[in-house]
Every structure is written in C-alpha cells, then in structure tokens.
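K.L.:
Structure file entry-v2.txt (compact mmCIF, C-alpha atoms) is given on the next line.
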# COMPACT_ATOMS: atom_id res chain seq x y z
CA MET A 168 -26.67 36.10 24.13
CA ASP A 169 -26.69 38.41 21.13
CA PRO A 170 -27.84 41.86 22.28
CA LEU A 171 -29.76 42.32 19.07
CA ASP A 172 -32.00 39.38 19.99
CA ALA A 173 -33.22 41.08 23.15
CA GLY A 174 -36.77 40.41 24.18
CA ALA A 175 -39.29 37.85 23.03
CA GLY A 176 -41.21 40.47 21.13
CA GLY A 177 -38.13 41.87 19.44
CA ILE A 178 -37.03 45.43 19.04
CA LEU A 179 -39.26 46.09 16.02
CA ARG A 180 -42.49 44.73 17.48
CA GLN A 181 -43.45 47.57 19.75
CA PRO A 182 -46.67 49.54 20.34
CA LYS A 183 -47.16 52.96 18.77
CA ALA A 184 -46.58 54.57 22.17
CA VAL A 185 -43.07 53.15 22.32
CA TRP A 186 -42.25 54.27 18.80
CA ALA A 187 -43.61 57.74 19.51
CA THR A 188 -41.44 58.09 22.62
CA ALA A 189 -38.39 56.61 20.88
CA GLY A 190 -38.85 58.96 17.92
CA ALA A 191 -39.05 61.97 20.20
CA SER A 192 -35.93 60.65 21.98
CA VAL A 193 -34.03 60.67 18.70
CA VAL A 194 -34.86 64.37 18.25
CA ALA A 195 -34.00 65.12 21.89
CA PHE A 196 -30.54 63.60 21.49
CA MET A 197 -30.14 65.37 18.16
CA GLY A 198 -30.32 68.61 20.10
CA ILE A 199 -27.01 67.84 21.85
CA GLY A 200 -24.91 67.83 18.69
CA LEU A 201 -27.14 70.04 16.57
CA VAL A 202 -25.05 73.17 16.99
CA ASP A 203 -21.70 71.45 16.35
CA PRO A 204 -21.39 72.16 12.60
CA ILE A 205 -22.74 75.71 12.93
CA LEU A 206 -20.66 76.93 15.89
CA PRO A 207 -18.31 78.93 13.64
CA SER A 208 -21.32 80.26 11.70
CA ILE A 209 -23.03 81.36 14.93
CA ALA A 210 -19.82 83.07 16.04
CA ARG A 211 -19.65 84.99 12.77
CA GLY A 212 -23.39 85.73 12.66
CA LEU A 213 -23.52 87.11 16.20
CA ASP A 214 -20.01 88.60 16.22
CA ALA A 215 -18.99 86.36 19.12
CA THR A 216 -15.77 84.65 20.19
CA PRO A 217 -15.42 80.84 20.40
CA SER A 218 -15.51 80.99 24.21
CA GLN A 219 -18.76 82.99 24.09
CA VAL A 220 -20.38 80.59 21.62
CA SER A 221 -19.25 77.60 23.71
CA LEU A 222 -21.61 78.87 26.41
CA LEU A 223 -24.38 77.33 24.28
CA PHE A 224 -23.22 73.99 25.64
CA THR A 225 -22.36 75.29 29.11
CA SER A 226 -25.78 76.82 29.80
CA TYR A 227 -27.53 73.80 28.30
CA PHE A 228 -25.73 71.20 30.41
CA LEU A 229 -25.51 73.29 33.58
CA ILE A 230 -29.29 73.55 33.66
CA THR A 231 -29.56 69.89 32.65
CA ALA A 232 -27.36 68.87 35.61
CA VAL A 233 -29.36 70.85 38.18
CA ALA A 234 -32.66 69.74 36.65
CA MET A 235 -31.70 66.10 37.23
CA LEU A 236 -32.56 66.65 40.90
CA LEU A 237 -36.06 67.75 39.87
CA THR A 238 -37.03 65.18 37.27
CA GLY A 239 -37.90 62.38 39.69
CA PHE A 240 -39.68 64.87 41.96
CA VAL A 241 -41.82 66.04 39.03
CA SER A 242 -42.53 62.68 37.36
CA SER A 243 -43.48 60.96 40.61
CA ARG A 244 -46.14 63.62 41.15
CA ILE A 245 -47.59 64.34 37.72
CA GLY A 246 -46.79 61.06 35.96
CA GLY A 247 -44.48 60.03 33.16
CA LYS A 248 -46.62 61.14 30.22
CA ARG A 249 -47.19 64.65 31.57
CA THR A 250 -43.50 64.98 32.41
CA LEU A 251 -42.57 64.04 28.84
CA LEU A 252 -45.07 66.53 27.42
CA LEU A 253 -43.85 69.26 29.76
CA GLY A 254 -40.26 68.65 28.70
CA LEU A 255 -41.18 68.64 25.03
CA ALA A 256 -43.14 71.86 25.42
CA PHE A 257 -40.09 73.56 26.94
CA VAL A 258 -37.90 72.37 24.07
CA VAL A 259 -40.37 73.52 21.41
CA VAL A 260 -40.64 76.99 22.93
CA PHE A 261 -36.98 77.59 23.69
CA ALA A 262 -35.58 75.98 20.53
CA GLY A 263 -37.90 78.22 18.52
CA LEU A 264 -36.87 81.29 20.50
CA ALA A 265 -33.19 80.37 20.02
CA GLY A 266 -33.65 80.81 16.29
CA THR A 267 -34.82 84.39 16.82
CA SER A 268 -31.82 85.43 18.96
CA GLY A 269 -30.27 88.79 18.27
CA SER A 270 -27.24 88.29 20.50
CA VAL A 271 -25.14 85.46 21.85
CA GLY A 272 -26.46 86.25 25.36
CA GLN A 273 -30.05 85.66 24.26
CA LEU A 274 -29.07 82.44 22.51
CA VAL A 275 -27.26 81.16 25.61
CA GLY A 276 -30.31 81.94 27.74
CA TYR A 277 -32.69 80.15 25.40
CA ARG A 278 -30.39 77.12 25.34
CA ALA A 279 -30.65 77.01 29.14
CA GLY A 280 -34.43 76.73 28.90
CA TRP A 281 -33.97 74.09 26.25
CA GLY A 282 -31.72 72.17 28.65
CA LEU A 283 -34.43 72.15 31.31
CA GLY A 284 -36.93 70.68 28.86
CA ASN A 285 -34.44 68.12 27.62
CA ALA A 286 -33.66 66.99 31.18
CA LEU A 287 -37.34 66.46 31.95
CA PHE A 288 -37.83 64.52 28.74
CA VAL A 289 -34.68 62.39 28.52
CA SER A 290 -34.66 61.34 32.17
CA THR A 291 -38.26 60.11 31.89
CA ALA A 292 -38.21 58.60 28.39
CA LEU A 293 -36.38 55.38 29.31
CA ALA A 294 -38.76 54.51 32.14
CA VAL A 295 -41.75 55.24 29.89
CA ILE A 296 -40.39 53.11 27.04
CA VAL A 297 -39.74 50.20 29.40
CA GLY A 298 -43.20 50.52 30.94
CA ALA A 299 -45.00 50.61 27.58
CA ALA A 300 -42.85 48.11 25.67
CA ALA A 301 -43.80 44.64 24.50
CA GLY A 302 -41.42 41.70 24.58
CA GLY A 303 -39.51 42.50 27.75
CA SER A 304 -37.34 45.34 28.95
CA ALA A 305 -34.20 44.30 27.08
CA ALA A 306 -35.74 45.01 23.66
CA ALA A 307 -37.11 48.34 24.93
CA ILE A 308 -33.78 49.46 26.32
CA LEU A 309 -32.01 48.43 23.14
CA LEU A 310 -34.49 50.59 21.25
CA TYR A 311 -33.70 53.50 23.57
CA GLU A 312 -29.95 53.03 23.05
CA SER A 313 -30.53 52.96 19.30
CA ALA A 314 -32.49 56.21 19.55
CA LEU A 315 -29.61 57.78 21.47
CA GLY A 316 -27.04 56.73 18.89
CA LEU A 317 -29.22 57.75 15.94
CA GLY A 318 -29.90 61.14 17.53
CA MET A 319 -26.23 61.80 18.27
CA ALA A 320 -25.39 60.89 14.66
CA CYS A 321 -28.19 62.84 12.97
CA GLY A 322 -27.97 65.99 15.09
CA PRO A 323 -24.80 67.29 13.38
CA LEU A 324 -26.18 66.25 9.98
CA LEU A 325 -29.40 68.20 10.50
CA GLY A 326 -27.40 71.14 11.81
CA ALA A 327 -25.23 71.06 8.68
CA VAL A 328 -28.07 70.76 6.15
CA LEU A 329 -30.23 73.49 7.67
CA GLY A 330 -27.32 75.56 8.94
CA ASN A 331 -25.75 75.84 5.52
CA ALA A 332 -28.53 78.31 4.63
CA SER A 333 -28.66 80.06 8.01
CA TRP A 334 -27.50 79.24 11.51
CA ARG A 335 -31.05 79.97 12.69
CA TYR A 336 -32.75 77.21 10.71
CA PRO A 337 -31.53 74.21 12.79
CA PHE A 338 -33.23 75.70 15.85
CA PHE A 339 -36.52 76.17 14.00
CA GLY A 340 -36.19 72.65 12.59
CA THR A 341 -35.72 71.13 16.04
CA ALA A 342 -38.72 73.03 17.40
CA THR A 343 -40.86 71.67 14.55
CA LEU A 344 -39.72 68.06 15.02
CA MET A 345 -40.28 68.23 18.78
CA ALA A 346 -43.75 69.65 18.23
CA ILE A 347 -44.51 66.59 16.09
CA GLY A 348 -43.14 64.40 18.88
CA PHE A 349 -45.38 66.20 21.36
CA LEU A 350 -48.46 65.44 19.26
CA CYS A 351 -47.49 61.78 18.78
CA ILE A 352 -46.92 61.19 22.50
CA ALA A 353 -50.14 63.01 23.38
CA ALA A 354 -52.05 60.81 20.94
CA PHE A 355 -50.46 57.38 21.43
CA LEU A 356 -49.00 57.16 24.95
CA ARG A 357 -51.20 56.20 27.85
CA GLU A 358 -50.36 57.53 31.30
CA GLN A 359 -47.91 55.28 33.14
CA PRO A 360 -48.51 54.11 36.73
CA ARG A 361 -47.00 56.49 39.26
CA PRO A 362 -44.52 55.13 41.81
CA ALA A 363 -45.87 54.18 45.21
CA ARG A 364 -43.42 56.56 46.87
CA LYS A 365 -42.92 60.14 45.73
CA THR A 366 -39.32 61.08 45.03
CA SER A 367 -37.69 63.87 47.02
CA VAL A 368 -35.38 66.44 45.44
CA LEU A 369 -32.67 65.26 47.86
CA ASP A 370 -33.02 61.52 47.06
CA PRO A 371 -30.47 61.60 44.18
CA LEU A 372 -27.94 63.35 46.44
CA LYS A 373 -28.53 60.80 49.20
CA ALA A 374 -28.00 58.01 46.67
CA LEU A 375 -24.51 59.40 46.00
CA GLY A 376 -23.63 58.43 49.56
CA HIS A 377 -23.13 54.91 48.19
CA GLY A 378 -19.42 54.48 47.45
CA GLY A 379 -19.90 52.56 44.23
CA LEU A 380 -22.34 55.04 42.72
CA ALA A 381 -20.19 58.00 43.80
CA SER A 382 -17.13 56.35 42.22
CA ALA A 383 -18.96 55.77 38.94
CA ALA A 384 -20.18 59.39 38.96
CA VAL A 385 -16.74 60.88 39.67
CA SER A 386 -15.08 58.76 37.00
CA ALA A 387 -17.83 59.71 34.53
CA PHE A 388 -17.31 63.37 35.44
CA PHE A 389 -13.69 63.22 34.25
CA TYR A 390 -14.68 61.24 31.17
CA ASN A 391 -17.43 63.69 30.25
CA TYR A 392 -14.93 66.54 30.29
CA THR A 393 -13.00 64.68 27.59
CA PHE A 394 -16.17 63.79 25.68
CA PHE A 395 -17.44 67.35 25.49
CA THR A 396 -14.05 68.82 24.68
CA VAL A 397 -14.25 66.72 21.52
CA LEU A 398 -17.88 67.61 20.85
CA ALA A 399 -17.81 71.35 21.57
CA PHE A 400 -14.23 72.48 20.91
CA THR A 401 -13.15 70.36 17.94
CA PRO A 402 -15.42 72.16 15.40
CA PHE A 403 -13.37 75.32 15.93
CA VAL A 404 -10.14 73.37 15.41
CA LEU A 405 -11.39 71.67 12.24
CA ASP A 406 -12.74 75.00 10.93
CA MET A 407 -14.77 73.39 8.14
CA THR A 408 -17.93 74.32 6.29
CA PRO A 409 -21.19 73.20 7.96
CA TYR A 410 -21.56 70.36 5.44
CA ARG A 411 -18.06 69.01 5.98
CA SER A 412 -18.23 69.39 9.74
CA GLY A 413 -21.66 67.75 9.76
CA ALA A 414 -20.32 64.81 7.77
CA VAL A 415 -17.43 64.36 10.22
CA PHE A 416 -19.71 64.32 13.25
CA PHE A 417 -22.26 62.15 11.47
CA ALA A 418 -19.56 59.51 11.00
CA TRP A 419 -18.55 60.09 14.64
CA GLY A 420 -22.15 59.51 15.74
CA LEU A 421 -22.49 56.33 13.67
CA LEU A 422 -19.43 54.86 15.37
CA LEU A 423 -20.84 55.93 18.72
CA ALA A 424 -24.12 54.13 17.99
CA VAL A 425 -22.54 50.92 16.68
CA PHE A 426 -20.03 50.60 19.50
CA SER A 427 -22.59 51.49 22.17
CA VAL A 428 -25.29 49.04 21.09
CA ILE A 429 -23.38 46.22 19.39
CA VAL A 430 -19.67 46.21 20.19
CA ALA A 431 -19.59 47.19 23.87
CA PRO A 432 -21.80 44.30 25.12
CA ARG A 433 -19.71 41.74 23.25
CA MET A 434 -16.47 43.22 24.60
CA GLN A 435 -17.88 43.17 28.13
CA GLU A 436 -18.84 39.54 27.79
CA ARG A 437 -15.32 38.64 26.73
CA PHE A 438 -13.14 40.92 28.88
CA GLY A 439 -15.36 42.21 31.71
CA SER A 440 -16.88 45.65 32.17
CA LEU A 441 -14.12 47.35 34.16
CA ARG A 442 -11.32 46.18 31.88
CA VAL A 443 -13.26 47.36 28.85
CA LEU A 444 -13.99 50.73 30.48
CA GLY A 445 -10.42 51.31 31.66
CA GLY A 446 -8.93 50.31 28.33
CA SER A 447 -11.40 52.45 26.37
CA LEU A 448 -10.65 55.50 28.52
CA VAL A 449 -6.89 55.15 27.98
CA LEU A 450 -7.39 54.73 24.23
CA LEU A 451 -9.65 57.81 24.20
CA ALA A 452 -6.91 59.77 25.98
CA ALA A 453 -4.38 58.72 23.34
CA ASP A 454 -6.82 59.57 20.56
CA VAL A 455 -7.52 63.13 21.73
CA LEU A 456 -3.81 63.73 22.30
CA VAL A 457 -3.06 62.78 18.69
CA LEU A 458 -6.06 64.86 17.62
CA GLY A 459 -4.59 67.91 19.29
CA TYR A 460 -1.11 67.58 17.82
CA GLY A 461 -1.81 66.04 14.41
CA ASN A 462 -2.39 67.77 11.09
CA HIS A 463 -5.88 68.54 9.78
CA THR A 464 -6.45 65.10 8.24
CA THR A 465 -5.29 63.41 11.44
CA ALA A 466 -7.63 65.60 13.48
CA VAL A 467 -10.58 64.57 11.30
CA VAL A 468 -9.74 60.86 11.59
CA CYS A 469 -9.23 61.07 15.36
CA THR A 470 -12.47 62.99 15.82
CA ILE A 471 -14.41 60.26 14.03
CA LEU A 472 -12.52 57.49 15.83
CA SER A 473 -13.30 58.99 19.24
CA GLY A 474 -16.95 58.06 18.64
CA ALA A 475 -16.06 54.38 19.05
CA PHE A 476 -14.49 54.90 22.48
CA ILE A 477 -17.26 57.25 23.57
CA GLY A 478 -19.90 54.69 22.56
CA VAL A 479 -18.25 51.97 24.64
CA ASN A 480 -17.81 54.28 27.63
CA ASN A 481 -21.41 55.50 27.55
CA THR A 482 -22.79 51.98 27.73
CA VAL A 483 -20.53 50.71 30.51
CA TYR A 484 -20.83 53.82 32.67
CA THR A 485 -24.61 53.77 32.54
CA GLU A 486 -24.75 50.10 33.47
CA LEU A 487 -22.51 50.73 36.47
CA ALA A 488 -24.56 53.74 37.55
CA LEU A 489 -27.86 51.87 37.33
CA GLY A 490 -26.71 48.70 39.05
CA VAL A 491 -23.99 49.46 41.54
CA SER A 492 -26.23 50.76 44.36
CA ASP A 493 -29.51 49.70 45.95
CA ALA A 494 -31.21 52.98 45.06
CA PRO A 495 -34.15 52.82 42.63
CA ARG A 496 -32.96 53.11 39.05
CA PRO A 497 -34.41 56.61 38.38
CA VAL A 498 -32.94 57.96 41.62
CA ALA A 499 -29.49 56.45 41.00
CA SER A 500 -29.54 57.71 37.43
CA ALA A 501 -30.48 61.22 38.55
CA GLY A 502 -27.66 61.37 41.11
CA TYR A 503 -25.13 60.03 38.63
CA ASN A 504 -26.22 62.42 35.88
CA PHE A 505 -26.24 65.36 38.30
CA VAL A 506 -22.50 64.90 38.82
CA ARG A 507 -21.38 64.03 35.30
CA TRP A 508 -23.31 66.76 33.46
CA PHE A 509 -21.36 69.42 35.34
CA ALA A 510 -18.30 68.32 33.35
CA ALA A 511 -20.34 68.63 30.15
CA ALA A 512 -21.03 72.21 31.18
CA ALA A 513 -17.41 72.92 32.14
CA ALA A 514 -15.53 71.52 29.13
CA PRO A 515 -17.09 73.71 26.40
CA TYR A 516 -16.30 76.81 28.47
CA PHE A 517 -12.78 75.98 29.63
CA ALA A 518 -11.43 74.43 26.42
CA PRO A 519 -11.49 77.68 24.38
CA LYS A 520 -10.38 79.64 27.45
CA ILE A 521 -7.38 77.34 27.85
CA GLU A 522 -6.57 77.91 24.18
CA GLU A 523 -6.69 81.68 24.75
CA TRP A 524 -4.38 81.36 27.75
CA THR A 525 -1.93 78.91 26.12
CA ASP A 526 -2.22 77.48 22.60
CA ILE A 527 -4.52 75.25 20.56
CA HIS A 528 -2.85 72.00 21.68
CA ILE A 529 -3.24 72.31 25.45
CA PRO A 530 -7.05 71.87 25.63
CA PHE A 531 -6.55 68.38 24.19
CA VAL A 532 -3.75 67.66 26.65
CA VAL A 533 -6.14 68.53 29.47
CA ALA A 534 -8.82 66.33 27.88
CA ALA A 535 -6.37 63.43 27.67
CA VAL A 536 -5.46 63.89 31.33
CA THR A 537 -9.12 63.86 32.43
CA ALA A 538 -9.73 60.62 30.50
CA VAL A 539 -6.77 59.03 32.30
CA LEU A 540 -8.10 60.33 35.64
CA GLY A 541 -11.41 58.63 34.87
CA ALA A 542 -9.55 55.37 34.28
CA LEU A 543 -7.57 55.81 37.52
CA VAL A 544 -10.78 56.24 39.52
CA VAL A 545 -12.06 52.97 38.05
CA LEU A 546 -8.77 51.27 38.94
CA VAL A 547 -8.54 52.60 42.49
CA ARG A 548 -12.23 52.07 43.25
CA ARG A 549 -12.59 48.76 41.42
CA ARG A 550 -13.56 46.91 44.61
CA ALA A 551 -16.58 49.16 44.98
CA LEU A 552 -17.50 48.59 41.34
CA VAL A 553 -16.32 45.07 40.54
CA HIS A 554 -19.19 43.02 42.00
CA GLU A 555 -21.86 44.73 39.97
CA ALA A 556 -19.63 45.00 36.93
CA GLU A 557 -19.22 41.23 36.89
CA GLU A 558 -22.98 40.76 36.91
CA LEU A 559 -23.65 43.37 34.23
CA GLN A 560 -22.99 41.21 31.20
CA PRO A 561 -25.22 40.71 28.13
CA GLY A 562 -28.02 38.39 29.08
CA HIS A 563 -28.00 39.40 32.74
CA ALA A 564 -30.52 41.75 34.30
CA THR A 565 -29.97 44.40 36.90
CA LYS A 566 -31.50 43.97 40.29
CA ASP A 567 -34.73 45.66 39.25
CA GLY A 568 -35.16 43.46 36.19
CA VAL A 569 -33.80 45.81 33.56
CA GLY A 570 -31.00 44.68 31.26
CA VAL A 571 -27.74 46.26 30.28
CA PHE A 572 -28.60 48.85 27.68
CA ALA A 573 -30.07 51.60 29.86
CA ASN A 574 -28.80 55.10 29.40
Starting from the file, give its structure as structure tokens.

P.N.:
Amino acid sequence: MDPLDAGAGGILRQPKAVWATAGASVVAFMGIGLVDPILPSIARGLDATPSQVSLLFTSYFLITAVAMLLTGFVSSRIGGKRTLLLGLAFVVVFAGLAGTSGSVGQLVGYRAGWGLGNALFVSTALAVIVGAAAGGSAAAILLYESALGLGMACGPLLGAVLGNASWRYPFFGTATLMAIGFLCIAAFLREQPRPARKTSVLDPLKALGHGGLASAAVSAFFYNYTFFTVLAFTPFVLDMTPYRSGAVFFAWGLLLAVFSVIVAPRMQERFGSLRVLGGSLVLLAADVLVLGYGNHTTAVVCTILSGAFIGVNNTVYTELALGVSDAPRPVASAGYNFVRWFAAAAAPYFAPKIEEWTDIHIPFVVAAVTAVLGALVVLVRRRALVHEAEELQPGHATKDGVGVFAN
C-alpha cells in the first residue's frame, strides 16, 4: 500500500478543525529549529559563549521531557481542545518574551516556558487530529507527519529570514503565528471526548516497565543525542550567515520530511523495521563522523544528508514506541518521550563543552558513538522489539487502530 493513499477521504479532504490543528503543529515544530541559523547572532548580540547559547535547547527540551509526564494528566481532565489552547498560550507568551531578552539567562528561562507550552501542544495534537479527521486515521497521521517535516524544514528558514535583520525577530514572528493558530483552533475545533479513565502522572513511568518500550526509549535516547548534536552544535561549526545557515537546514528539513513520510515506509516494507533502523543509525554515525573531520563543503553536505537518516529514524522509532507495549498510545508515547527528550537537552549543552575540553572534532566522535549505541540496543533487544516491528508495516494498523505514521 502506498502511504500517500492513506485513508478513504484522503489527506487533503479534512475538516477545518484538522487543518487548523495541523497548521499550528507546523509552527510548533518550527520552534525546534528556529534558533539554528541565529545561534551565532544571539551569541554576539548577548555577548555569550556557544555553550551558554546552547542552553536555549537544553532548557527547552529539559522542560519538554519533564512536562511529558503531565500532558496526559492535564488533557484527560480538561480535554484536548483546552490543552492545545493552554499550550499555545504558553508559547505565545514565552516566545514573545524571548524576543525582549536582555541577557542569555533571560532567554534561556523564556525558552523553558516555551518548552512547557510546546509539550502540552505537541503531545495532544496527534490525538486531536486523529479524533477530528475524516477518511480514517492513516490519512490524519500522514498529515501530522507532513506537518512535522514541514515545520522542521521551515523553522530554520524563518529564523534566517527574520534573524538576518535582528535575532529578536524570529521569536516575535513565532509568537504571532502561534497566536493565529490559537484563534483558528478556538474557532474551528470542537472539544474532543475525554478518556473514560483519567491519566496519572506516574502512568508513563509505569509503562516503561515494559521491556520493549524501555528498549525503544533507551535506544532513542542515544539516537537523540546524535540528532541534537547535529541540530544545535553544527551551526557553530559551519559559522555561516543566517541566510546560508537557514538554507542548509531548510534542505536538511526537506530530506527529513521526504524520508520520514515517503521513503521510510517503503524501506520498512521491503527490509523490515529493525533492519532499516539499525542500518540508518550506523549510516548516521558514519555521516556525523565525516561531518566532524571533513572540510567546510563536506560538513555542509553531511549536515544536509543527515536529514535523510534522521527522517527514517524518527518514523521507525515512533512506530515502535506506540506499538510495542499494551499501554494506551498517549501513555506509551509520554513515557517514551520522557526518556528520549533528556538526550535532546543534554547534547546541546555537552557538545560545545566537549569542544572546549578537547577540540572541534570530538563532539562528532561522541555523536557517532551514541548513534552506534542506539543501533546496539536495537540489536541486543531485538527479541523484545521484533514482534511488533514485523507488524508495523505500511498498510497495517497498531493494536488501537492507528497506522504507522504517528509521531
């Protein structure tokens, strides 16, 4: 089955509520890579070191990781629509405040508040899109994956265009776009049915007691360290203007989107999920190693190419996390994300520190090693993962009726 043919209604035939949520999702994912092209500009503007500026990612993802334990607790009590609006409100406020920062400490603090809002929004958006979609869940999830890829691609581009004038403008731009998303969701999205059972804060941690889910989370933890070394540390290595850096990461994001939505499902169908994941992790390790030791042109090419491997990995990891245990999908996703986002918080902090302690090559050596460790976890724990991985092929549904494109 062609993944682009998902759902009887098709990906384009969706209610306004779905488009409003998907559009806001694009902006939410844009926020992850928004600061990439302007990291050097922020460092210069606030007289900060690379390791200090990297805390923009660390605070963002550290709060995001912890907040994953709260998202199900909140949404099961106030409903999906109100949770989305609450998350968007946090992003609007803190993204706007980030643009007014007078020091790197203030900016890091505002990014933490932004991370809380993003966690509330992103963790709820998929369930809301599936619940409001027409034509079956597969088309809705494909739309969500497309929003993720588009957001990851456009974030650096928006950061470059606005950041070329001032590093403050991308933050104001994001706040404005999220405010529009807030109004659209408030106007077009009806409240979704609440779950029969309220989710506890501890439910995601209990779900990690399942060996398969814990294995997927640990492997994804190592992989995410590699992923966010590329995303957060490479801009300092490339040392390009915001426009050039934005173009590089826009191309990176396009590859991420194409390989996540189109290529990965076809590769899984042919080779199997675990083989695809293991092979992609090893290739990513080789790519970042060459990135770290190559010349400037090689570093640019390898940065863009890494988007292909990251896109494949994102899709397969999420499928494993959502299907490998008997926990409800939101609970399993929260537990999995709780573990892996800690690596997203750690990598941006440790990569520049490792450079300060050693040289510019070693952070990429560490990133290559963590990618290989992720592959080794998949290899060693394949028995815990293999049953579900065999079922998670294009055209199959997970045990709760949702297809393979969830993220």

K.L.:
Please tabulate, as JSON lines, the residues of segment 205-235 of chain A that come within 9 Å of segment 401-415 of chain A, each with its closest pair of atoms and the distance in Å to one decimal, counting all atoms listed in the file and ordering rows by chain, then residue number upward.

P.N.:
{"residue": "A:Ile205", "atom": "CA", "partner": "A:Pro409", "partner_atom": "CA", "distance": 5.8}
{"residue": "A:Leu206", "atom": "CA", "partner": "A:Pro402", "partner_atom": "CA", "distance": 7.1}
{"residue": "A:Pro207", "atom": "CA", "partner": "A:Phe403", "partner_atom": "CA", "distance": 6.5}
{"residue": "A:Ser208", "atom": "CA", "partner": "A:Pro409", "partner_atom": "CA", "distance": 8.0}
{"residue": "A:Pro217", "atom": "CA", "partner": "A:Phe403", "partner_atom": "CA", "distance": 7.4}

K.L.:
Kindly provide the residues of segment 440-475 of chain A that approach segment 521-542 of chain A to within 9 Å, each paired with its closest atom pair and their distance in Å to one decimal, based on all atoms listed in the file, listed by chain and increasing number, as CSV.

P.N.:
residue,atom,partner,partner_atom,distance
A:Leu444,CA,A:Ala542,CA,7.5
A:Gly445,CA,A:Ala542,CA,4.9
A:Gly446,CA,A:Ala542,CA,7.8
A:Ser447,CA,A:Ala542,CA,8.6
A:Leu448,CA,A:Ala538,CA,5.6
A:Val449,CA,A:Val539,CA,5.8
A:Leu450,CA,A:Ala538,CA,8.9
A:Leu451,CA,A:Ala538,CA,6.9
A:Ala452,CA,A:Ala535,CA,4.1
A:Ala453,CA,A:Ala535,CA,6.7
A:Asp454,CA,A:Ala535,CA,8.1
A:Val455,CA,A:Phe531,CA,5.9
A:Leu456,CA,A:Phe531,CA,5.7
A:Val457,CA,A:Phe531,CA,8.6
A:Leu458,CA,A:Phe531,CA,7.5
A:Gly459,CA,A:His528,CA,5.0
A:Tyr460,CA,A:His528,CA,6.1

K.L.:
Give me the segment 459-491 of chain A side of the contact with segment 424-431 of chain A, cut-off 10 Å, one line per residue showing its nearest atom pair and distance in Å at one decimal, counting all atoms listed in the file, sorted by chain and residue number, as JSON lines.

P.N.:
{"residue": "A:Gly474", "atom": "CA", "partner": "A:Phe426", "partner_atom": "CA", "distance": 8.1}
{"residue": "A:Ala475", "atom": "CA", "partner": "A:Phe426", "partner_atom": "CA", "distance": 5.5}
{"residue": "A:Phe476", "atom": "CA", "partner": "A:Phe426", "partner_atom": "CA", "distance": 7.6}
{"residue": "A:Ile477", "atom": "CA", "partner": "A:Ser427", "partner_atom": "CA", "distance": 8.0}
{"residue": "A:Gly478", "atom": "CA", "partner": "A:Ser427", "partner_atom": "CA", "distance": 4.2}
{"residue": "A:Val479", "atom": "CA", "partner": "A:Ser427", "partner_atom": "CA", "distance": 5.0}
{"residue": "A:Asn480", "atom": "CA", "partner": "A:Ser427", "partner_atom": "CA", "distance": 7.8}
{"residue": "A:Asn481", "atom": "CA", "partner": "A:Ser427", "partner_atom": "CA", "distance": 6.8}
{"residue": "A:Thr482", "atom": "CA", "partner": "A:Ser427", "partner_atom": "CA", "distance": 5.6}
{"residue": "A:Val483", "atom": "CA", "partner": "A:Ala431", "partner_atom": "CA", "distance": 7.6}

K.L.:
Could the residues of segment 314-412 of chain A that have an atom at most 12 Å from segment 242-255 of chain A be listed as a tab-separated table, each with its closest atom pair and the distance in Å to one decimal, counting all atoms listed in the file and ordered by chain and ascending residue number?

P.N.:
residue	atom	partner	partner_atom	distance
A:Thr341	CA	A:Leu255	CA	10.8
A:Ala342	CA	A:Leu255	CA	9.1
A:Thr343	CA	A:Leu255	CA	10.9
A:Leu344	CA	A:Leu255	CA	10.1
A:Met345	CA	A:Leu255	CA	6.3
A:Ala346	CA	A:Leu255	CA	7.3
A:Ile347	CA	A:Leu255	CA	9.8
A:Gly348	CA	A:Leu255	CA	7.7
A:Phe349	CA	A:Leu252	CA	6.1
A:Leu350	CA	A:Leu252	CA	8.9
A:Cys351	CA	A:Leu252	CA	10.2
A:Ile352	CA	A:Leu252	CA	7.5
A:Ala353	CA	A:Leu252	CA	7.4
A:Ala354	CA	A:Lys248	CA	10.8
A:Phe355	CA	A:Lys248	CA	10.3
A:Leu356	CA	A:Lys248	CA	7.0
A:Arg357	CA	A:Lys248	CA	7.1
A:Glu358	CA	A:Lys248	CA	5.3
A:Gln359	CA	A:Gly247	CA	5.9
A:Pro360	CA	A:Gly246	CA	7.2
A:Arg361	CA	A:Gly246	CA	5.6
A:Pro362	CA	A:Ser243	CA	6.0
A:Ala363	CA	A:Ser243	CA	8.5
A:Arg364	CA	A:Ser243	CA	7.7
A:Lys365	CA	A:Ser243	CA	5.2
A:Thr366	CA	A:Ser243	CA	6.1
A:Ser367	CA	A:Ser243	CA	9.1
A:Val368	CA	A:Ser243	CA	10.9

K.L.:
Compare A:Ile296, A:Ile199, A:Ala383, A:Ala551 by their minimum atom-to-atom distance to Gln181 of chain A, counting all atoms listed in the file, and give me the closest one.

P.N.:
A:Ile296

K.L.:
Taking (-38.9, 59.9, 17.0) as a centre in this file's frame and 12 Å as the limit, can you find every polymer residue with an atom that close, using only C-alpha atoms, and give them as a PyMOL selection string?

P.N.:
chain A and resi 183-197+292+310-311+313-315+317-318+321+341+344-352

K.L.:
Rounded to one decimal, what separation in Å do you get between atom CA of Tyr277 of chain A and atom CA of Phe261 of chain A?

P.N.:
5.3 Å

K.L.:
Nearest to Leu274 of chain A among A:Leu543, A:Leu213, A:Leu325, A:Val259, with distances taken over all atoms listed in the file: which residue is it?

P.N.:
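Ranking A:Leu543, A:Leu213, A:Leu325, A:Val259 by distance to Leu274 of chain A, first place goes to A:Leu213.
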
K.L.:
Do you have the atom CA of Leu421 of chain A-atom CA of Leu398 of chain A distance handy?

P.N.:
14.1 Å

K.L.:
Just give me the gap between atom CA of Asp203 of chain A and atom CA of Val385 of chain A in Å, one decimal is fine.

P.N.:
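Interatomic distance here is 26.1 Å.
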
K.L.:
List the spatial neighbours of Leu487 of chain A as a compact mmCIF listing (two decimals) with C-alpha atoms, in the frame of the given file - criterion: any atom at most 9 Å away, all atoms listed in the file, same-chain residues fewer than 2 positions off excluded.

P.N.:
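Result went into out.txt, see below:
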# COMPACT_ATOMS: atom_id res chain seq x y z
CA GLY A 379 -19.90 52.56 44.23
CA LEU A 380 -22.34 55.04 42.72
CA ALA A 383 -18.96 55.77 38.94
CA SER A 440 -16.88 45.65 32.17
CA THR A 482 -22.79 51.98 27.73
CA VAL A 483 -20.53 50.71 30.51
CA TYR A 484 -20.83 53.82 32.67
CA THR A 485 -24.61 53.77 32.54
CA LEU A 489 -27.86 51.87 37.33
CA GLY A 490 -26.71 48.70 39.05
CA VAL A 491 -23.99 49.46 41.54
CA SER A 492 -26.23 50.76 44.36
CA LEU A 552 -17.50 48.59 41.34
CA GLU A 555 -21.86 44.73 39.97
CA ALA A 556 -19.63 45.00 36.93
CA LEU A 559 -23.65 43.37 34.23
